[in-house]
file structure02.pdb (PDB, C-alpha atoms)
ATOM      1  CA  MET A   1      -2.011 -11.975 -14.511
ATOM      2  CA  LEU A   2      -0.759  -8.382 -14.526
ATOM      3  CA  ASP A   3      -3.861  -7.446 -16.509
ATOM      4  CA  GLU A   4      -5.979  -9.028 -13.772
ATOM      5  CA  LEU A   5      -4.242  -6.896 -11.149
ATOM      6  CA  HIS A   6      -4.844  -3.793 -13.253
ATOM      7  CA  SER A   7      -8.532  -4.667 -13.561
ATOM      8  CA  ARG A   8      -8.914  -4.574  -9.763
ATOM      9  CA  ILE A   9      -7.542  -1.058  -9.335
ATOM     10  CA  GLY A  10     -10.029   1.209  -7.568
ATOM     11  CA  ARG A  11     -12.429  -1.607  -6.634
ATOM     12  CA  GLU A  12     -13.237  -2.394  -3.014
ATOM     13  CA  GLN A  13     -12.657  -6.094  -2.341
ATOM     14  CA  PRO A  14     -12.388  -8.529   0.580
ATOM     15  CA  ILE A  15      -9.213  -8.217   2.639
ATOM     16  CA  ASP A  16      -7.869 -11.565   1.395
ATOM     17  CA  ALA A  17      -8.567 -10.948  -2.321
ATOM     18  CA  LEU A  18      -5.427  -8.946  -3.151
ATOM     19  CA  PRO A  19      -2.995 -11.304  -1.354
ATOM     20  CA  ARG A  20      -4.565 -14.240  -3.206
ATOM     21  CA  LEU A  21      -4.237 -12.413  -6.522
ATOM     22  CA  LEU A  22      -0.606 -11.567  -5.763
ATOM     23  CA  ARG A  23       0.018 -15.232  -5.080
ATOM     24  CA  ALA A  24      -1.494 -16.191  -8.447
ATOM     25  CA  TYR A  25       0.674 -13.567 -10.151
ATOM     26  CA  ALA A  26       3.809 -14.936  -8.461
ATOM     27  CA  ASP A  27       2.908 -18.500  -9.414
ATOM     28  CA  SER A  28       2.496 -17.465 -13.062
ATOM     29  CA  LEU A  29       6.097 -16.164 -13.210
ATOM     30  CA  HIS A  30       7.793 -19.260 -11.711
ATOM     31  CA  PRO A  31      10.551 -17.287  -9.944
ATOM     32  CA  ALA A  32      13.320 -19.146  -8.147
ATOM     33  CA  VAL A  33      12.603 -17.163  -4.967
ATOM     34  CA  VAL A  34       9.763 -14.914  -3.803
ATOM     35  CA  GLY A  35      10.488 -12.190  -1.267
ATOM     36  CA  ALA A  36       8.137  -9.665   0.290
ATOM     37  CA  MET A  37       8.086  -6.392   2.145
ATOM     38  CA  HIS A  38       4.917  -5.213   3.882
ATOM     39  CA  ILE A  39       4.617  -1.541   4.802
ATOM     40  CA  SER A  40       1.703  -0.741   7.089
ATOM     41  CA  CYS A  41       0.641   1.573   9.865
ATOM     42  CA  ALA A  42       1.385   0.532  13.442
ATOM     43  CA  ASP A  43      -2.331   1.023  14.267
ATOM     44  CA  GLU A  44      -3.751  -2.188  15.744
ATOM     45  CA  ALA A  45      -6.678  -1.843  13.335
ATOM     46  CA  GLU A  46      -4.261  -2.995  10.608
ATOM     47  CA  TRP A  47      -3.760  -6.465  12.119
ATOM     48  CA  GLU A  48      -6.451  -7.953   9.876
ATOM     49  CA  CYS A  49      -4.689  -6.692   6.757
ATOM     50  CA  ALA A  50      -1.274  -7.950   7.907
ATOM     51  CA  ASP A  51      -2.747 -11.333   8.826
ATOM     52  CA  ALA A  52      -4.360 -11.749   5.396
ATOM     53  CA  PHE A  53      -1.049 -11.017   3.652
ATOM     54  CA  GLN A  54       0.735 -13.448   5.947
ATOM     55  CA  ARG A  55      -1.749 -16.303   5.424
ATOM     56  CA  HIS A  56      -2.471 -15.969   1.722
ATOM     57  CA  PHE A  57       0.849 -14.753   0.297
ATOM     58  CA  VAL A  58       3.743 -15.147   2.704
ATOM     59  CA  MET A  59       3.062 -18.649   3.996
ATOM     60  CA  PRO A  60       2.505 -20.284   0.583
ATOM     61  CA  LEU A  61       5.428 -18.599  -1.202
ATOM     62  CA  LEU A  62       8.294 -17.243   0.889
ATOM     63  CA  PRO A  63      11.367 -19.266   1.926
ATOM     64  CA  GLU A  64      11.480 -20.561   5.483
ATOM     65  CA  LEU A  65      13.187 -18.253   7.930
ATOM     66  CA  LYS A  66      13.126 -20.935  10.607
ATOM     67  CA  HIS A  67      11.534 -24.371  10.561
ATOM     68  CA  ALA A  68       7.951 -23.937   9.295
ATOM     69  CA  GLU A  69       8.192 -20.160   9.870
ATOM     70  CA  LYS A  70       8.042 -17.555   7.121
ATOM     71  CA  SER A  71       7.985 -13.801   7.345
ATOM     72  CA  PRO A  72       8.039 -10.732   5.100
ATOM     73  CA  PHE A  73      10.385  -7.837   5.715
ATOM     74  CA  ARG A  74       8.128  -5.524   7.753
ATOM     75  CA  LEU A  75       7.880  -1.773   8.142
ATOM     76  CA  SER A  76       5.197  -0.933  10.697
ATOM     77  CA  ASN A  77       5.186   2.668  11.866
ATOM     78  CA  LEU A  78       2.962   5.716  12.293
ATOM     79  CA  GLY A  79       1.357   6.438   8.938
ATOM     80  CA  ALA A  80       2.829   3.518   6.943
ATOM     81  CA  ARG A  81       5.973   5.411   5.942
ATOM     82  CA  TYR A  82       8.521   3.853   3.627
ATOM     83  CA  GLU A  83      11.992   4.316   5.127
ATOM     84  CA  TRP A  84      14.709   5.211   2.623
ATOM     85  CA  GLY A  85      17.125   2.340   2.027
ATOM     86  CA  ALA A  86      14.849  -0.368   3.429
ATOM     87  CA  LEU A  87      14.417  -1.996   0.024
ATOM     88  CA  ALA A  88      18.161  -2.596  -0.295
ATOM     89  CA  VAL A  89      18.160  -4.479   3.006
ATOM     90  CA  ALA A  90      15.123  -6.573   2.058
ATOM     91  CA  GLU A  91      16.558  -7.337  -1.398
ATOM     92  CA  GLN A  92      19.789  -8.577   0.170
ATOM     93  CA  HIS A  93      17.883 -10.850   2.559
ATOM     94  CA  PHE A  94      15.966 -12.565  -0.243
ATOM     95  CA  ALA A  95      18.938 -12.792  -2.630
ATOM     96  CA  THR A  96      19.384 -16.493  -1.912
ATOM     97  CA  HIS A  97      21.666 -18.899  -3.752
ATOM     98  CA  ALA A  98      18.688 -20.239  -5.694
ATOM     99  CA  ALA A  99      17.730 -16.724  -6.805
ATOM    100  CA  GLY A 100      21.201 -16.198  -8.237
ATOM    101  CA  ARG A 101      20.717 -19.113 -10.630
ATOM    102  CA  SER A 102      17.500 -17.635 -12.069
ATOM    103  CA  PHE A 103      15.580 -14.597 -10.844
ATOM    104  CA  LYS A 104      13.634 -13.520  -7.800
ATOM    105  CA  LEU A 105      10.344 -11.704  -7.392
ATOM    106  CA  LEU A 106      10.236  -9.089  -4.643
ATOM    107  CA  VAL A 107       6.707  -7.908  -3.800
ATOM    108  CA  VAL A 108       6.332  -4.655  -1.872
ATOM    109  CA  LYS A 109       2.826  -4.188  -0.478
ATOM    110  CA  ILE A 110       2.001  -0.748   0.916
ATOM    111  CA  ASN A 111      -1.111  -0.277   3.034
ATOM    112  CA  SER A 112      -2.358   3.123   4.040
ATOM    113  CA  HIS A 113      -5.686   2.915   5.907
ATOM    114  CA  VAL A 114      -8.910   4.730   6.731
ATOM    115  CA  ALA A 115     -11.920   4.007   8.923
ATOM    116  CA  ALA A 116     -15.066   3.259   6.928
ATOM    117  CA  VAL A 117     -18.568   2.903   8.332
ATOM    118  CA  GLY A 118     -21.681   1.947   6.385
ATOM    119  CA  HIS A 119     -22.253   1.016   2.746
ATOM    120  CA  GLY A 120     -23.479   2.650  -0.443
ATOM    121  CA  ALA A 121     -24.893   6.141   0.018
ATOM    122  CA  GLU A 122     -24.437   5.786   3.802
ATOM    123  CA  LEU A 123     -20.676   5.155   3.602
ATOM    124  CA  ARG A 124     -18.672   7.504   5.825
ATOM    125  CA  PHE A 125     -14.916   7.772   6.376
ATOM    126  CA  GLY A 126     -12.560   8.898   9.115
ATOM    127  CA  ALA A 127     -13.623   7.511  12.509
ATOM    128  CA  LEU A 128     -14.394   4.101  13.930
ATOM    129  CA  GLN A 129     -15.474   2.845  17.304
ATOM    130  CA  ARG A 130     -12.746   1.022  19.188
ATOM    131  CA  TYR A 131     -12.851  -0.016  22.820
ATOM    132  CA  GLY A 132     -16.175   1.807  23.208
ATOM    133  CA  GLU A 133     -14.954   5.188  21.962
ATOM    134  CA  TYR A 134     -14.698   6.840  18.533
ATOM    135  CA  SER A 135     -11.259   7.647  17.174
ATOM    136  CA  THR A 136      -9.764   8.538  13.808
ATOM    137  CA  ALA A 137      -8.011   6.100  11.516
ATOM    138  CA  CYS A 138      -5.451   6.746  10.301
ATOM    139  CA  GLY A 139      -4.775   8.873  13.374
ATOM    140  CA  ALA A 140      -1.319   9.897  12.120
ATOM    141  CA  LEU A 141      -2.668  11.137   8.781
ATOM    142  CA  HIS A 142      -5.456  13.105  10.456
ATOM    143  CA  LEU A 143      -2.940  14.772  12.783
ATOM    144  CA  LEU A 144      -0.935  15.681   9.694
ATOM    145  CA  LEU A 145      -3.966  17.196   7.968
ATOM    146  CA  ALA A 146      -4.709  19.195  11.137
ATOM    147  CA  GLY A 147      -1.283  20.834  10.907
ATOM    148  CA  ASN A 148       0.513  19.113  13.779
ATOM    149  CA  ILE A 149       4.313  19.169  13.827
ATOM    150  CA  LYS A 150       6.287  16.087  14.896
ATOM    151  CA  PRO A 151       9.294  14.319  13.314
ATOM    152  CA  TYR A 152       7.241  11.452  11.886
ATOM    153  CA  LEU A 153       4.603  13.893  10.624
ATOM    154  CA  ASN A 154       7.292  15.938   8.893
ATOM    155  CA  ASP A 155       8.392  12.773   7.103
ATOM    156  CA  LEU A 156       4.807  12.003   6.060
ATOM    157  CA  ARG A 157       4.302  15.611   4.979
ATOM    158  CA  SER A 158       7.155  15.367   2.486
ATOM    159  CA  GLY A 159       5.172  12.737   0.567
ATOM    160  CA  TYR A 160       2.294  15.180   0.098
ATOM    161  CA  MET A 161       4.691  17.836  -1.246
ATOM    162  CA  LEU A 162       6.241  15.891  -4.139
ATOM    163  CA  ASP A 163       6.862  17.893  -7.331
ATOM    164  CA  GLY A 164       6.230  21.126  -5.428
ATOM    165  CA  VAL A 165       2.468  20.476  -5.134
ATOM    166  CA  ASN A 166       0.851  20.932  -1.703
ATOM    167  CA  ARG A 167      -1.660  18.082  -1.692
ATOM    168  CA  LEU A 168      -2.613  18.723   1.936
ATOM    169  CA  ARG A 169      -3.828  22.180   0.932
ATOM    170  CA  LEU A 170      -5.858  20.628  -1.889
ATOM    171  CA  LEU A 171      -7.379  18.075   0.499
ATOM    172  CA  ASP A 172      -8.336  20.803   2.950
ATOM    173  CA  ASP A 173     -10.062  22.921   0.295
ATOM    174  CA  SER A 174     -13.788  22.040   0.261
ATOM    175  CA  ALA A 175     -14.150  23.642  -3.157
ATOM    176  CA  LYS A 176     -11.661  21.152  -4.624
ATOM    177  CA  VAL A 177     -12.255  17.993  -2.529
ATOM    178  CA  ASP A 178     -15.657  16.922  -1.224
ATOM    179  CA  PRO A 179     -15.336  16.794   2.600
ATOM    180  CA  ARG A 180     -17.168  13.442   2.575
ATOM    181  CA  TRP A 181     -14.171  11.854   0.830
ATOM    182  CA  ARG A 182     -11.371  13.825   2.490
ATOM    183  CA  SER A 183     -10.237  11.073   4.884
ATOM    184  CA  LEU A 184     -10.359   8.437   2.153
ATOM    185  CA  LEU A 185      -8.379  10.523  -0.342
ATOM    186  CA  LEU A 186      -5.898  11.470   2.385
ATOM    187  CA  ALA A 187      -5.085   7.743   2.657
ATOM    188  CA  VAL A 188      -5.048   7.174  -1.117
ATOM    189  CA  VAL A 189      -2.555   9.993  -1.680
ATOM    190  CA  ASN A 190      -0.347   8.650   1.110
ATOM    191  CA  ALA A 191      -0.333   5.150  -0.402
ATOM    192  CA  ARG A 192       0.776   6.545  -3.763
ATOM    193  CA  ALA A 193       3.370   8.835  -2.162
ATOM    194  CA  GLN A 194       4.984   5.923  -0.324
ATOM    195  CA  GLY A 195       4.925   3.909  -3.542
ATOM    196  CA  ARG A 196       6.802   6.680  -5.318
ATOM    197  CA  ARG A 197       9.441   6.542  -2.594
ATOM    198  CA  VAL A 198       9.900   2.821  -3.175
ATOM    199  CA  GLU A 199      10.146   3.406  -6.936
ATOM    200  CA  ARG A 200      12.885   5.961  -6.353
ATOM    201  CA  ASP A 201      14.881   3.447  -4.339
ATOM    202  CA  ILE A 202      14.397   0.803  -7.054
ATOM    203  CA  ALA A 203      15.912   3.226  -9.581
ATOM    204  CA  GLN A 204      19.011   3.638  -7.391
ATOM    205  CA  LEU A 205      19.479   0.030  -6.274
ATOM    206  CA  THR A 206      21.719  -2.540  -7.948
ATOM    207  CA  PRO A 207      20.232  -5.896  -6.950
ATOM    208  CA  LYS A 208      22.132  -9.096  -6.283
ATOM    209  CA  GLY A 209      20.961 -10.929  -9.359
ATOM    210  CA  PRO A 210      18.001 -10.486 -11.711
ATOM    211  CA  THR A 211      14.999  -9.180  -9.826
ATOM    212  CA  ARG A 212      11.436  -8.241 -10.669
ATOM    213  CA  TYR A 213       9.961  -5.704  -8.274
ATOM    214  CA  LEU A 214       6.193  -5.550  -7.927
ATOM    215  CA  VAL A 215       5.017  -2.595  -5.830
ATOM    216  CA  VAL A 216       1.325  -2.534  -4.928
ATOM    217  CA  SER A 217      -0.210   0.463  -3.160
ATOM    218  CA  ALA A 218      -3.489  -0.093  -1.351
ATOM    219  CA  VAL A 219      -5.818   1.387   1.242
ATOM    220  CA  THR A 220      -7.369  -0.752   3.950
ATOM    221  CA  LEU A 221     -10.942   0.157   4.877
ATOM    222  CA  ASN A 222     -11.113  -0.477   8.631
ATOM    223  CA  ARG A 223     -14.754  -1.428   9.192
ATOM    224  CA  GLY A 224     -14.851  -1.832  12.945
ATOM    225  CA  ALA A 225     -16.711  -4.974  13.985
ATOM    226  CA  ASP A 226     -17.303  -5.927  10.317
ATOM    227  CA  ALA A 227     -14.654  -7.593   8.169
ATOM    228  CA  ASP A 228     -12.151  -5.112   6.745
ATOM    229  CA  THR A 229     -11.933  -4.556   3.005
ATOM    230  CA  GLU A 230      -9.241  -3.146   0.736
ATOM    231  CA  VAL A 231      -8.887  -0.945  -2.329
ATOM    232  CA  LEU A 232      -5.954  -1.474  -4.689
ATOM    233  CA  CYS A 233      -4.726   1.981  -5.724
ATOM    234  CA  GLY A 234      -1.929   1.139  -8.130
ATOM    235  CA  VAL A 235       0.713  -1.304  -9.355
ATOM    236  CA  SER A 236       4.360  -0.674 -10.316
ATOM    237  CA  VAL A 237       6.610  -3.165 -12.079
ATOM    238  CA  ALA A 238      10.367  -2.912 -12.567
ATOM    239  CA  ASP A 239      12.869  -5.457 -13.887
ATOM    240  CA  ALA A 240      16.463  -4.999 -12.779
ATOM    241  CA  GLU A 241      19.601  -7.051 -13.257
ATOM    242  CA  TYR A 242      22.882  -5.132 -12.972
ATOM    243  CA  SER A 243      21.632  -1.630 -12.198
ATOM    244  CA  GLY A 244      18.589   0.306 -11.067
ATOM    245  CA  ALA A 245      15.419   0.216 -13.113
ATOM    246  CA  SER A 246      12.573   2.537 -14.010
ATOM    247  CA  SER A 247       9.145   1.518 -12.727
ATOM    248  CA  ARG A 248       6.075   1.239 -14.927
ATOM    249  CA  TYR A 249       3.063   2.448 -12.922
ATOM    250  CA  THR A 250      -0.618   1.838 -13.556
ATOM    251  CA  GLY A 251      -3.260   3.200 -11.196
ATOM    252  CA  LEU A 252      -4.704   6.187  -9.391
ATOM    253  CA  GLY A 253      -2.628   9.338  -9.227
ATOM    254  CA  ASP A 254      -1.632  11.401  -6.212
ATOM    255  CA  ASP A 255      -3.733  14.469  -7.054
ATOM    256  CA  PRO A 256      -6.847  14.155  -4.849
ATOM    257  CA  THR A 257      -8.816  16.473  -7.125
ATOM    258  CA  LEU A 258      -8.465  13.978  -9.991
ATOM    259  CA  ILE A 259      -9.902  10.930  -8.231
ATOM    260  CA  ARG A 260     -13.595  10.138  -8.592
ATOM    261  CA  VAL A 261     -15.338   8.432  -5.643
ATOM    262  CA  GLU A 262     -18.464   6.370  -6.324
ATOM    263  CA  THR A 263     -20.547   4.952  -3.485
ATOM    264  CA  GLY A 264     -23.834   4.315  -5.274
ATOM    265  CA  GLY A 265     -23.387   0.542  -5.361
ATOM    266  CA  GLU A 266     -22.712  -1.928  -2.574
ATOM    267  CA  LEU A 267     -18.940  -1.556  -3.029
ATOM    268  CA  LEU A 268     -16.757   1.537  -3.164
ATOM    269  CA  MET A 269     -15.243   2.436  -6.549
ATOM    270  CA  LEU A 270     -12.387   4.859  -7.226
ATOM    271  CA  SER A 271     -11.242   6.011 -10.657
ATOM    272  CA  ARG A 272      -9.268   8.734 -12.390
ATOM    273  CA  VAL A 273     -11.225  11.796 -13.465
TER     274      VAL A 273
END

call {"tool": "encode", "arguments": {"input": "structure02.pdb", "output": "structure tokens"}}
result
Amino acid sequence: MLDELHSRIGREQPIDALPRLLRAYADSLHPAVVGAMHISCADEAEWECADAFQRHFVMPLLPELKHAEKSPFRLSNLGARYEWGALAVAEQHFATHAAGRSFKLLVVKINSHVAAVGHGAELRFGALQRYGEYSTACGALHLLLAGNIKPYLNDLRSGYMLDGVNRLRLLDDSAKVDPRWRSLLLAVVNARAQGRRVERDIAQLTPKGPTRYLVVSAVTLNRGADADTEVLCGVSVADAEYSGASSRYTGLGDDPTLIRVETGGELLMLSRV
């Protein structure tokens, strides 16, 4: 099933396709307990994505929090930022007695997002019509690209500066990144940056019992009145028992100049250059 996940990387798909695939992956492992963390932007345009994850992954698999009620550990903020230390809290919550007798699967789903209008050669990114007016999505990421300074933007900015590379400068350079894809790649780089933050916490965390971490980074395409879609950007897997673990990543990188965008067909395709 991991190979099936890898085969979907870079391919636009219906908003419920990835949660269903994650459910099939979890079922194939037969873990004692399945836990989940969903990291998404606070933008109301992301409700459709959160609802799909809730219906097709959380409800079938997670333990009951209250009678007939199930919920992932949620981080919903401006720009879909991973907050340092959150994974340790989520891991503790899902470290149930049953998990201690076998192992648990903890799925971390990260959703950056971008507005997308049209299809094929007419596909455009960055703004959607909401409540009768056009506005950017993700608004937080576009403010960041425009050079605004606020505490939450400073936190987002750090993700674009990993390894001493200024990815915002690359995104803003029309000679390096086609302006048609700038908003899309802004979201893709953010999704990968937040995934790298989660991976760093996995490496430092000693779980309560054997744990497999599956970290999936994705970008929601907010399509206004049409049904939203989603692009899986990458998958990380780490197995930990008594100490932190290194993550094995497969997917798109965080250098926007090394991501190819193809819009010739009906569906968007992203790939490494």

call {"tool": "closest_atom_pairs", "arguments": {"input": "structure02.pdb", "of": "segment 230-256 of chain A", "to": "segment 209-218 of chain A", "cutoff": "7 Å", "atoms": "all atoms listed in the file", "output": "JSON lines"}}
result
{"residue": "A:Glu230", "atom": "CA", "partner": "A:Ala218", "partner_atom": "CA", "distance": 6.8}
{"residue": "A:Val231", "atom": "CA", "partner": "A:Ala218", "partner_atom": "CA", "distance": 5.6}
{"residue": "A:Leu232", "atom": "CA", "partner": "A:Ala218", "partner_atom": "CA", "distance": 4.4}
{"residue": "A:Cys233", "atom": "CA", "partner": "A:Ala218", "partner_atom": "CA", "distance": 5.0}
{"residue": "A:Gly234", "atom": "CA", "partner": "A:Ser217", "partner_atom": "CA", "distance": 5.3}
{"residue": "A:Val235", "atom": "CA", "partner": "A:Val216", "partner_atom": "CA", "distance": 4.6}
{"residue": "A:Ser236", "atom": "CA", "partner": "A:Val215", "partner_atom": "CA", "distance": 4.9}
{"residue": "A:Val237", "atom": "CA", "partner": "A:Leu214", "partner_atom": "CA", "distance": 4.8}
{"residue": "A:Ala238", "atom": "CA", "partner": "A:Tyr213", "partner_atom": "CA", "distance": 5.1}
{"residue": "A:Asp239", "atom": "CA", "partner": "A:Arg212", "partner_atom": "CA", "distance": 4.5}
{"residue": "A:Ala240", "atom": "CA", "partner": "A:Thr211", "partner_atom": "CA", "distance": 5.3}
{"residue": "A:Glu241", "atom": "CA", "partner": "A:Pro210", "partner_atom": "CA", "distance": 4.1}

call {"tool": "atom_distance", "arguments": {"input": "structure02.pdb", "atom1": "atom CA of Lys208 of chain A", "atom2": "atom CA of Tyr82 of chain A"}}
result
21.2 Å

call {"tool": "resolve_selection", "arguments": {"input": "structure02.pdb", "expression": "the PyMOL selection byres ((chain A and resi 104) around 6)", "output": "list in words"}}
result
Pro31, Ala32, Val33, Val34, Ala99, Phe103, Leu105 and Thr211 of chain A

call {"tool": "residues_around", "arguments": {"input": "structure02.pdb", "residues": "segment 12-16 of chain A", "least_positions_apart": "4", "cutoff": "12 Å", "atoms": "only C-alpha atoms", "output": "PyMOL selection string"}}
result
chain A and resi 7-8+20-23+46-57+111+116+119-120+218-223+226-233+261-263+265-271

call {"tool": "resolve_selection", "arguments": {"input": "structure02.pdb", "expression": "the PyMOL selection byres ((chain A and resi 84) around 10)", "output": "list in words"}}
result
Arg81, Tyr82, Glu83, Gly85, Ala86, Leu87, Ala88, Arg197, Val198, Arg200 and Asp201 of chain A

call {"tool": "closest_residue", "arguments": {"input": "structure02.pdb", "among": "A:Leu106, A:Met59, A:Ile9, A:Ala137", "to": "Gln92 of chain A", "atoms": "all atoms listed in the file"}}
result
A:Leu106

call {"tool": "axis_aligned_box", "arguments": {"input": "structure02.pdb", "around": "segment 265-269 of chain A", "padding_each_side": "3 Å", "output": "AutoDock Vina command-line options"}}
result
--center_x -19.3 --center_y 0.3 --center_z -4.6 --size_x 14.1 --size_y 10.4 --size_z 10.0

call {"tool": "atom_distance", "arguments": {"input": "structure02.pdb", "atom1": "atom CA of Pro207 of chain A", "atom2": "atom CA of Arg74 of chain A"}}
result
19.0 Å

call {"tool": "closest_residue", "arguments": {"input": "structure02.pdb", "among": "A:Arg182, A:His67, A:Arg196, A:Arg130", "to": "Leu170 of chain A", "atoms": "only C-alpha atoms"}}
result
A:Arg182

call {"tool": "atom_distance", "arguments": {"input": "structure02.pdb", "atom1": "atom CA of Ala90 of chain A", "atom2": "atom CA of Tyr242 of chain A"}}
result
17.0 Å

call {"tool": "residues_near_point", "arguments": {"input": "structure02.pdb", "point": "(-12.6, 9.7, 6.5)", "cutoff": "12 Å", "atoms": "only C-alpha atoms", "output": "JSON list (two decimals) with C-alpha atoms, in the frame of the given file"}}
result
[["chain", "number", "residue", "atom", "x", "y", "z"],
["A", 113, "HIS", "CA", -5.69, 2.92, 5.91],
["A", 114, "VAL", "CA", -8.91, 4.73, 6.73],
["A", 115, "ALA", "CA", -11.92, 4.01, 8.92],
["A", 116, "ALA", "CA", -15.07, 3.26, 6.93],
["A", 117, "VAL", "CA", -18.57, 2.90, 8.33],
["A", 118, "GLY", "CA", -21.68, 1.95, 6.38],
["A", 123, "LEU", "CA", -20.68, 5.16, 3.60],
["A", 124, "ARG", "CA", -18.67, 7.50, 5.82],
["A", 125, "PHE", "CA", -14.92, 7.77, 6.38],
["A", 126, "GLY", "CA", -12.56, 8.90, 9.12],
["A", 127, "ALA", "CA", -13.62, 7.51, 12.51],
["A", 128, "LEU", "CA", -14.39, 4.10, 13.93],
["A", 135, "SER", "CA", -11.26, 7.65, 17.17],
["A", 136, "THR", "CA", -9.76, 8.54, 13.81],
["A", 137, "ALA", "CA", -8.01, 6.10, 11.52],
["A", 138, "CYS", "CA", -5.45, 6.75, 10.30],
["A", 139, "GLY", "CA", -4.78, 8.87, 13.37],
["A", 141, "LEU", "CA", -2.67, 11.14, 8.78],
["A", 142, "HIS", "CA", -5.46, 13.10, 10.46],
["A", 145, "LEU", "CA", -3.97, 17.20, 7.97],
["A", 171, "LEU", "CA", -7.38, 18.08, 0.50],
["A", 178, "ASP", "CA", -15.66, 16.92, -1.22],
["A", 179, "PRO", "CA", -15.34, 16.79, 2.60],
["A", 180, "ARG", "CA", -17.17, 13.44, 2.58],
["A", 181, "TRP", "CA", -14.17, 11.85, 0.83],
["A", 182, "ARG", "CA", -11.37, 13.82, 2.49],
["A", 183, "SER", "CA", -10.24, 11.07, 4.88],
["A", 184, "LEU", "CA", -10.36, 8.44, 2.15],
["A", 185, "LEU", "CA", -8.38, 10.52, -0.34],
["A", 186, "LEU", "CA", -5.90, 11.47, 2.38],
["A", 187, "ALA", "CA", -5.08, 7.74, 2.66],
["A", 188, "VAL", "CA", -5.05, 7.17, -1.12],
["A", 219, "VAL", "CA", -5.82, 1.39, 1.24],
["A", 220, "THR", "CA", -7.37, -0.75, 3.95],
["A", 221, "LEU", "CA", -10.94, 0.16, 4.88],
["A", 222, "ASN", "CA", -11.11, -0.48, 8.63],
["A", 223, "ARG", "CA", -14.75, -1.43, 9.19]]

call {"tool": "closest_residue", "arguments": {"input": "structure02.pdb", "among": "A:Ser243, A:Ser112, A:Ile149, A:His97", "to": "Asp43 of chain A", "atoms": "all atoms listed in the file"}}
result
A:Ser112

call {"tool": "closest_residue", "arguments": {"input": "structure02.pdb", "among": "A:Leu258, A:Ala45, A:Met37, A:Ala80", "to": "Lys176 of chain A", "atoms": "only C-alpha atoms"}}
result
A:Leu258

call {"tool": "closest_residue", "arguments": {"input": "structure02.pdb", "among": "A:Pro72, A:Cys41, A:Ala140, A:Arg169", "to": "Glu91 of chain A", "atoms": "all atoms listed in the file"}}
result
A:Pro72

call {"tool": "closest_residue", "arguments": {"input": "structure02.pdb", "among": "A:Gln129, A:Arg11, A:Pro60, A:Gly79", "to": "Ala24 of chain A", "atoms": "all atoms listed in the file"}}
result
A:Pro60

call {"tool": "resolve_selection", "arguments": {"input": "structure02.pdb", "expression": "the PyMOL selection byres ((chain A and resi 76) around 6)", "output": "PyMOL selection string"}}
result
chain A and resi 39-42+75+77

call {"tool": "residues_around", "arguments": {"input": "structure02.pdb", "residues": "Leu162 of chain A", "least_positions_apart": "2", "cutoff": "12 Å", "atoms": "only C-alpha atoms", "output": "list in words"}}
result
Asp155, Leu156, Arg157, Ser158, Gly159, Tyr160, Gly164, Val165, Asn166, Arg167, Leu168, Val189, Asn190, Arg192, Ala193, Gln194, Arg196, Arg197, Asp254 and Asp255 of chain A
